[in-house]
Structures are given as C-alpha cells and as structure tokens.
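Trainee: This is entry.txt (compact mmCIF, C-alpha atoms and all ligand atoms).
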```txt
# COMPACT_ATOMS: atom_id res chain seq x y z
CA MET M 3 3.73 -162.68 49.13
CA PRO M 4 0.22 -164.14 48.76
CA THR M 5 -2.38 -162.44 46.59
CA ARG M 6 -5.28 -160.96 48.55
CA LEU M 7 -8.83 -161.55 47.42
CA SER M 8 -10.96 -158.42 47.68
CA VAL M 9 -14.64 -159.11 46.98
CA ASN M 10 -16.42 -156.42 44.98
CA ILE M 11 -19.98 -156.23 46.34
CA ASN M 12 -21.44 -153.92 43.66
CA LYS M 13 -23.66 -156.71 42.33
CA VAL M 14 -25.09 -157.40 45.77
CA ALA M 15 -26.13 -153.75 45.97
CA LEU M 16 -27.61 -153.99 42.48
CA ILE M 17 -29.99 -156.74 43.64
CA ARG M 18 -30.87 -154.80 46.78
CA ASN M 19 -31.70 -151.74 44.70
CA ALA M 20 -34.15 -153.71 42.58
CA ARG M 21 -36.68 -153.21 45.40
CA LEU M 22 -37.22 -150.63 48.06
CA GLY M 23 -35.81 -152.07 51.26
CA ASN M 24 -32.67 -153.79 52.42
CA LEU M 25 -32.64 -157.30 50.94
CA PRO M 26 -29.96 -158.53 50.64
CA ASN M 27 -28.42 -156.60 53.51
CA LEU M 28 -25.22 -155.20 52.00
CA VAL M 29 -23.47 -154.58 55.29
CA GLN M 30 -24.18 -158.12 56.47
CA VAL M 31 -22.91 -159.51 53.16
CA ALA M 32 -19.69 -157.50 53.51
CA LYS M 33 -19.21 -158.84 57.04
CA ASP M 34 -19.95 -162.38 55.88
CA CYS M 35 -17.51 -162.14 52.95
CA GLU M 36 -14.81 -161.38 55.49
CA ARG M 37 -16.03 -164.15 57.81
CA PHE M 38 -15.84 -166.57 54.87
CA GLY M 39 -12.24 -165.61 54.12
CA ALA M 40 -12.25 -162.53 51.88
CA GLU M 41 -9.21 -160.38 52.58
CA GLY M 42 -10.79 -157.14 51.41
CA ILE M 43 -14.02 -155.49 50.34
CA THR M 44 -14.21 -153.41 47.16
CA VAL M 45 -16.96 -151.03 46.11
CA HIS M 46 -17.25 -148.92 43.01
CA PRO M 47 -19.93 -146.28 43.53
CA ARG M 48 -21.09 -144.76 40.26
CA PRO M 49 -22.70 -141.34 39.88
CA ASP M 50 -26.15 -142.84 39.19
CA GLU M 51 -25.84 -144.98 42.37
CA ARG M 52 -27.29 -147.94 40.52
CA HIS M 53 -25.54 -150.29 42.91
CA ILE M 54 -23.38 -148.93 45.74
CA ARG M 55 -24.91 -145.75 47.13
CA TYR M 56 -22.73 -143.04 48.56
CA SER M 57 -24.67 -143.50 51.80
CA ASP M 58 -23.49 -147.16 52.01
CA ILE M 59 -19.88 -146.12 52.47
CA PRO M 60 -19.84 -145.10 56.16
CA GLN M 61 -21.65 -148.28 57.20
CA LEU M 62 -19.32 -150.48 55.17
CA LYS M 63 -16.29 -148.68 56.53
CA ALA M 64 -17.55 -149.09 60.10
CA VAL M 65 -17.72 -152.90 59.88
CA ASN M 66 -14.65 -153.52 57.74
CA THR M 67 -11.94 -155.56 59.43
CA THR M 68 -9.71 -156.36 56.45
CA GLU M 69 -9.07 -153.83 53.66
CA PHE M 70 -11.57 -151.39 52.25
CA ASN M 71 -11.04 -150.37 48.64
CA ILE M 72 -13.16 -147.67 47.00
CA GLU M 73 -12.91 -147.44 43.24
CA GLY M 74 -14.07 -144.70 40.94
CA ASN M 75 -13.40 -141.64 38.90
CA PRO M 76 -11.99 -139.00 41.28
CA THR M 77 -14.77 -136.48 40.88
CA GLU M 78 -15.44 -133.92 43.58
CA LYS M 79 -18.05 -136.22 45.13
CA PHE M 80 -15.68 -139.21 45.05
CA MET M 81 -12.88 -137.23 46.67
CA GLU M 82 -15.19 -135.93 49.38
CA LEU M 83 -16.32 -139.47 50.13
CA VAL M 84 -12.85 -140.96 50.22
CA GLN M 85 -11.35 -138.16 52.26
CA GLN M 86 -14.18 -138.32 54.76
CA HIS M 87 -14.24 -142.10 55.20
CA GLN M 88 -10.59 -142.95 54.58
CA PRO M 89 -10.61 -146.44 53.07
CA THR M 90 -7.39 -148.44 53.00
CA GLN M 91 -7.09 -147.78 49.29
CA ALA M 92 -8.64 -145.64 46.59
CA THR M 93 -8.45 -147.04 43.09
CA LEU M 94 -8.71 -144.30 40.49
CA VAL M 95 -10.68 -145.40 37.42
CA PRO M 96 -11.31 -143.16 34.38
CA ASP M 97 -14.95 -144.14 33.81
CA SER M 98 -17.39 -141.74 32.22
CA PRO M 99 -20.62 -141.39 34.24
CA ASP M 100 -22.74 -143.37 31.76
CA VAL M 101 -20.41 -146.32 31.15
CA LEU M 102 -21.92 -149.81 31.58
CA THR M 103 -18.83 -151.03 33.36
CA SER M 104 -15.13 -150.11 33.44
CA ASP M 105 -13.57 -150.84 30.08
CA GLN M 106 -10.12 -149.21 30.09
CA GLY M 107 -7.41 -147.74 32.26
CA TRP M 108 -5.97 -144.23 32.43
CA ASP M 109 -3.79 -142.54 29.89
CA THR M 110 -1.44 -141.61 32.71
CA ILE M 111 0.72 -139.50 30.42
CA LYS M 112 -2.08 -137.22 29.29
CA HIS M 113 -3.62 -137.02 32.78
CA LYS M 114 -0.40 -137.04 34.82
CA ALA M 115 -0.80 -133.60 36.37
CA PHE M 116 -4.40 -134.36 37.39
CA LEU M 117 -3.50 -137.78 38.83
CA LYS M 118 -0.57 -136.27 40.70
CA ASP M 119 -2.77 -133.66 42.33
CA ILE M 120 -5.43 -136.25 43.28
CA THR M 121 -2.79 -138.65 44.62
CA GLN M 122 -1.26 -135.94 46.80
CA GLN M 123 -4.67 -135.11 48.24
CA LEU M 124 -5.40 -138.77 48.99
CA HIS M 125 -2.00 -139.33 50.55
CA ALA M 126 -2.62 -136.33 52.78
CA SER M 127 -5.71 -138.20 54.04
CA GLY M 128 -3.69 -141.36 54.64
CA VAL M 129 -5.24 -143.30 51.76
CA ARG M 130 -3.19 -145.63 49.57
CA VAL M 131 -3.58 -144.86 45.87
CA SER M 132 -3.89 -147.38 43.07
CA VAL M 133 -4.27 -146.27 39.46
CA PHE M 134 -6.26 -148.40 37.03
CA VAL M 135 -4.23 -148.93 33.84
CA ASP M 136 -4.09 -151.11 30.77
CA PRO M 137 -0.96 -153.28 30.73
CA VAL M 138 1.20 -150.79 28.85
CA ALA M 139 4.68 -149.83 30.07
CA LYS M 140 4.31 -146.07 29.50
CA TYR M 141 1.04 -145.98 31.49
CA VAL M 142 2.67 -147.86 34.37
CA GLU M 143 5.56 -145.39 34.33
CA GLY M 144 3.11 -142.49 34.18
CA ALA M 145 1.33 -143.82 37.27
CA LYS M 146 4.65 -143.98 39.10
CA GLU M 147 5.46 -140.40 38.09
CA ALA M 148 2.03 -139.32 39.34
CA GLY M 149 2.99 -140.70 42.76
CA ALA M 150 0.78 -143.81 42.87
CA ASP M 151 1.54 -146.60 45.33
CA ARG M 152 0.08 -149.29 43.12
CA ILE M 153 -1.39 -149.89 39.72
CA GLU M 154 -4.42 -152.06 39.06
CA PHE M 155 -4.23 -153.80 35.70
CA TYR M 156 -7.47 -153.82 33.74
CA THR M 157 -7.97 -157.53 33.02
CA GLY M 158 -11.10 -157.26 30.85
CA ASP M 159 -9.18 -157.87 27.61
CA TYR M 160 -7.20 -160.69 29.23
CA ALA M 161 -10.48 -162.35 30.20
CA LYS M 162 -11.90 -161.96 26.69
CA GLN M 163 -8.83 -163.49 25.04
CA PHE M 164 -8.16 -166.16 27.66
CA GLU M 165 -10.00 -169.06 26.03
CA ALA M 166 -8.58 -168.52 22.57
CA ASN M 167 -4.96 -168.10 23.66
CA ARG M 168 -4.09 -167.67 27.32
CA GLU M 169 -0.34 -167.16 26.78
CA LYS M 170 -1.01 -164.34 24.32
CA ALA M 171 -3.67 -162.89 26.63
CA VAL M 172 -1.35 -162.66 29.62
CA ALA M 173 1.82 -161.57 27.76
CA PRO M 174 1.28 -157.77 27.97
CA HIS M 175 0.50 -158.12 31.68
CA VAL M 176 3.73 -160.05 32.30
CA GLN M 177 5.74 -157.30 30.61
CA ALA M 178 3.93 -154.41 32.24
CA ALA M 179 4.17 -156.11 35.65
CA LYS M 180 7.95 -156.24 35.26
CA VAL M 181 7.98 -152.50 34.62
CA ALA M 182 5.80 -151.98 37.71
CA ARG M 183 8.07 -154.07 39.93
CA GLU M 184 11.16 -152.24 38.69
CA ALA M 185 9.45 -148.93 39.41
CA GLY M 186 8.59 -150.10 42.94
CA LEU M 187 4.85 -150.06 42.32
CA GLY M 188 2.57 -152.62 43.94
CA ILE M 189 0.46 -154.66 41.52
CA ASN M 190 -3.30 -155.20 41.75
CA ALA M 191 -5.57 -156.53 39.03
CA GLY M 192 -9.24 -156.81 38.26
CA HIS M 193 -12.15 -156.95 35.89
CA ASP M 194 -13.83 -160.10 34.68
CA LEU M 195 -11.49 -162.38 36.57
CA ASN M 196 -13.22 -165.68 37.28
CA LEU M 197 -12.69 -169.27 38.38
CA ASP M 198 -11.34 -170.25 34.94
CA ASN M 199 -8.86 -167.45 34.29
CA LEU M 200 -7.70 -166.44 37.79
CA ARG M 201 -5.09 -169.09 38.58
CA PHE M 202 -3.26 -168.69 35.28
CA TYR M 203 -3.15 -164.93 35.76
CA GLN M 204 -1.83 -165.17 39.29
CA GLU M 205 0.79 -167.77 38.35
CA ASN M 206 2.12 -165.50 35.63
CA ILE M 207 2.15 -162.17 37.45
CA GLU M 208 4.97 -162.20 39.95
CA GLY M 209 4.21 -160.09 43.00
CA LEU M 210 0.46 -159.79 42.38
CA LEU M 211 -0.69 -158.22 45.64
CA GLU M 212 -4.47 -158.07 45.22
CA VAL M 213 -7.31 -159.04 42.94
CA SER M 214 -10.75 -157.46 43.22
CA ILE M 215 -13.50 -159.69 41.87
CA GLY M 216 -17.22 -159.07 41.78
CA HIS M 217 -19.31 -159.96 38.76
CA ALA M 218 -18.22 -163.58 38.33
CA LEU M 219 -17.84 -164.27 42.04
CA ILE M 220 -21.32 -163.08 42.94
CA SER M 221 -22.73 -164.99 39.95
CA ASP M 222 -20.93 -168.17 41.10
CA ALA M 223 -22.36 -167.66 44.58
CA LEU M 224 -25.86 -168.21 43.15
CA TYR M 225 -24.85 -171.80 42.48
CA PHE M 226 -22.28 -172.58 45.17
CA GLY M 227 -23.22 -170.23 47.99
CA LEU M 228 -21.09 -167.31 49.13
CA SER M 229 -18.96 -169.19 51.63
CA ASN M 230 -18.06 -172.01 49.21
CA THR M 231 -17.47 -169.56 46.38
CA ILE M 232 -15.02 -167.46 48.36
CA GLN M 233 -13.14 -170.65 49.28
CA LEU M 234 -13.06 -171.67 45.60
CA TYR M 235 -11.52 -168.32 44.63
CA LEU M 236 -9.04 -168.43 47.49
CA ARG M 237 -7.99 -171.88 46.33
CA GLN M 238 -7.21 -170.49 42.86
CA LEU M 239 -4.87 -168.02 44.50
CA GLY M 240 -2.88 -170.88 45.96
C1 LIG B 301 -12.63 -151.00 37.99
C2 LIG B 301 -13.33 -152.24 37.70
O1 LIG B 301 -12.96 -152.97 36.81
C3 LIG B 301 -14.50 -152.63 38.51
O2 LIG B 301 -14.78 -151.72 39.50
C4 LIG B 301 -15.69 -152.92 37.74
O3 LIG B 301 -15.86 -151.89 36.82
C5 LIG B 301 -16.90 -153.12 38.59
O4 LIG B 301 -17.87 -152.17 38.32
P1 LIG B 301 -19.36 -152.64 37.95
O5 LIG B 301 -19.79 -153.57 39.04
O6 LIG B 301 -20.11 -151.37 37.93
O7 LIG B 301 -19.31 -153.33 36.62
N1 LIG B 302 -11.49 -153.75 40.16
C1 LIG B 302 -12.22 -154.79 39.58
C2 LIG B 302 -13.38 -155.15 40.43
O1 LIG B 302 -13.55 -154.62 41.49
C3 LIG B 302 -14.32 -156.19 40.02
O2 LIG B 302 -14.56 -156.28 38.66
P1 LIG B 302 -15.56 -157.44 38.18
O3 LIG B 302 -15.06 -158.75 38.77
O4 LIG B 302 -16.91 -157.10 38.71
O5 LIG B 302 -15.46 -157.43 36.67
```
Would it be possible to restate this file's structure as structure tokens?

Mentor:
Amino acid sequence: MPTRLSVNINKVALIRNARLGNLPNLVQVAKDCERFGAEGITVHPRPDERHIRYSDIPQLKAVNTTEFNIEGNPTEKFMELVQQHQPTQATLVPDSPDVLTSDQGWDTIKHKAFLKDITQQLHASGVRVSVFVDPVAKYVEGAKEAGADRIEFYTGDYAKQFEANREKAVAPHVQAAKVAREAGLGINAGHDLNLDNLRFYQENIEGLLEVSIGHALISDALYFGLSNTIQLYLRQLG
C-alpha cells in the first residue's frame, strides 16, 4: 500500500499570524496542497494558538477533500473541537502547553486508562485514533491495548541521527513497526522528516500508511514553490 503524504500547515498559519489579516490565506493553501497532490492535511493547534487557531478548524474541514488529521494533546478543548468537527483522524500527542514543538511520544503504559477513555470517546464520534509514540515495543503494545487504530512514530530522533548513521537511526523503528503490524495497528510517522531522510525511512518501514510533514516541506517551498515541493516529497515516497 502506498504511503500517503499529509501536509502539516502549521507553519503557514505561523506566517499568517505574524500580521493582522489573512496573508497567506490558510484555507486556500490547504486547498492548493490537495490540488498539488497532497493526500491529507494535518494541523496541530496548540493552546496558545501561535499557528493554527481553533477557529481555523471548521473552515479547513469544510474544504478538505482528502484526509483531515488533527493532532494535539486531548485536553477538554481539543476533544470538543475534534468531536464537533470530526476529522478523519485525531493524533494524540502528549505535549505540554509550553513546548516549542513535539519532542516525544506517550508512555502508553502509564497513561493507558486515560488513552482508552479518550479513544472510546473519539470512536463514538467516528474519528480514527492514532497515538504518537516513540519506537518502543511496549509503547506500541500499550497503544493497541488502549484501543488505537494506528500509532504515529515520533521521527525527531531518527532525523537527528540520520546523517551520522542512518541504519542505526532507523533500527528501533523497524523493530517497533514489526510489533505494530503484528498487533494489527496501522503505522504513521512524523516529525522532522525531510527530502533527505524520507525515502530511507519509507523504504525501511513496511506498511507505512502515512507521513505528516510540515516544517521542512514548508521551508523547501520557499525555494521550490509549493507545487514543486509537494511533487518532490511524493517522489520520495515512490
Ligand atoms: C506531532 C508532531 O510531531 C507535529 O505535530 C509537530 O509537533 C508539529 O508541530 P509544530 O508545527 O508546532 O512544531
Ligand atoms: N506529525 C508530524 C507533523 O505533522 C509534522 O511535523 P514537522 O514536519 O513539522 O516536524
């Protein structure tokens, strides 16, 4: 099965929020990402709304024609938003409110009861649930026991280690992916994936269903343009 490219548009919203007004137009960018070949749109609203605002969600949902993925810590506000607007997928991320960016996955053992309750609520709203985890077998198993449909592997450490030793960097992901497949969990991945490290990751992770990419992709678009950049990423995914 091919790996879907979901474009994370947080950074587009960050530029918009640098001024009062609507430039760049986030909704138009989301539509254009899809027109240029993206197979999903990802947003990660944070409590300070420094990029995606909660009020962006209904407009983005209304124009989405592919897959809509909302990521975040399942706070009361997040749950309200997801249950009201019913994206294709909610990706549960254990970020504290003041974190610069996501930097780790869940301890799904410690938080199993909480994740189970949240997952049941999201399933009742018809939303697919993905749980953000580090590539560690027990956390993958914990996500399964909590009722998740998928896990998203945190690839930040992979990206950091890629240049020095790519085989070593991907090894824990290969092992944890095997555990996920055996458990019947779908596999997503994201964080700091880019044009250098994406193909190697995808080639090594059998059954990788989806990658969500924002920071590097939007940065590349400054040089190559959004349409070309999306094509370049799609090409890495084979
Ligand atoms: C879960 C994850 O890895 C991404 O959502 C990433 O954290 C993007 O968030 P920022 O754009 O706020 O860095
Ligand atoms: N889930 C990861 C994501 O949406 C994008 O992360 P990044 O490419 O902005 O690091």

Trainee: Just to confirm, what's the straight-line distance from CA of Leu197 in chain M to CA of Pro99 in chain M in Å (one decimal)?

Mentor: 29.3 Å

Trainee: Return as a tab-separated table the residues of chain M lying at most 6 Å from ligand LIG 302 (chain B), together with the closest atom-to-atom pair for each and the distance in Å to one decimal, counting all atoms listed in the file, with rows in chain order and ascending residue number.

Mentor:
```
residue	atom	partner	partner_atom	distance
M:Asn10	CA	B:LIG302	O1	4.9
M:Thr44	CA	B:LIG302	O1	5.8
M:Gly192	CA	B:LIG302	C1	3.8
M:His193	CA	B:LIG302	O5	3.4
M:Asp194	CA	B:LIG302	O5	3.7
M:Leu195	CA	B:LIG302	O3	5.5
M:Ser214	CA	B:LIG302	O1	4.3
M:Ile215	CA	B:LIG302	O3	3.6
M:Gly216	CA	B:LIG302	O4	3.7
M:His217	CA	B:LIG302	O4	3.7
M:Ala218	CA	B:LIG302	O3	5.8
```

Trainee: Step by step, measure atom-to-atom distances between ligand LIG 301 (chain B) and each residue using all atoms listed in the file, keep those at most 10 Å, then write them as JSON, numbers by chain.

Mentor: {"M": [10, 11, 12, 13, 14, 15, 16, 44, 45, 46, 47, 48, 51, 52, 53, 54, 71, 72, 73, 74, 75, 93, 94, 95, 96, 97, 101, 102, 103, 104, 105, 106, 107, 133, 134, 135, 154, 155, 156, 157, 158, 191, 192, 193, 194, 195, 214, 215, 216, 217]}

Trainee: Find the distance between CA of His125 in chain M and CA of Lys140 in chain M and write it in Å to one decimal.

Mentor: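 We find that CA of His125 in chain M and CA of Lys140 in chain M lie 23.0 Å from each other.
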
Trainee: Excluding same-chain residues fewer than 4 positions from Asp119 in chain M, what lies within 12 Å of it counting all atoms listed in the file, as an NGL selection string?

Mentor: :M and (76 or 81 or 113-115 or 123-126 or 131 or 147-150)
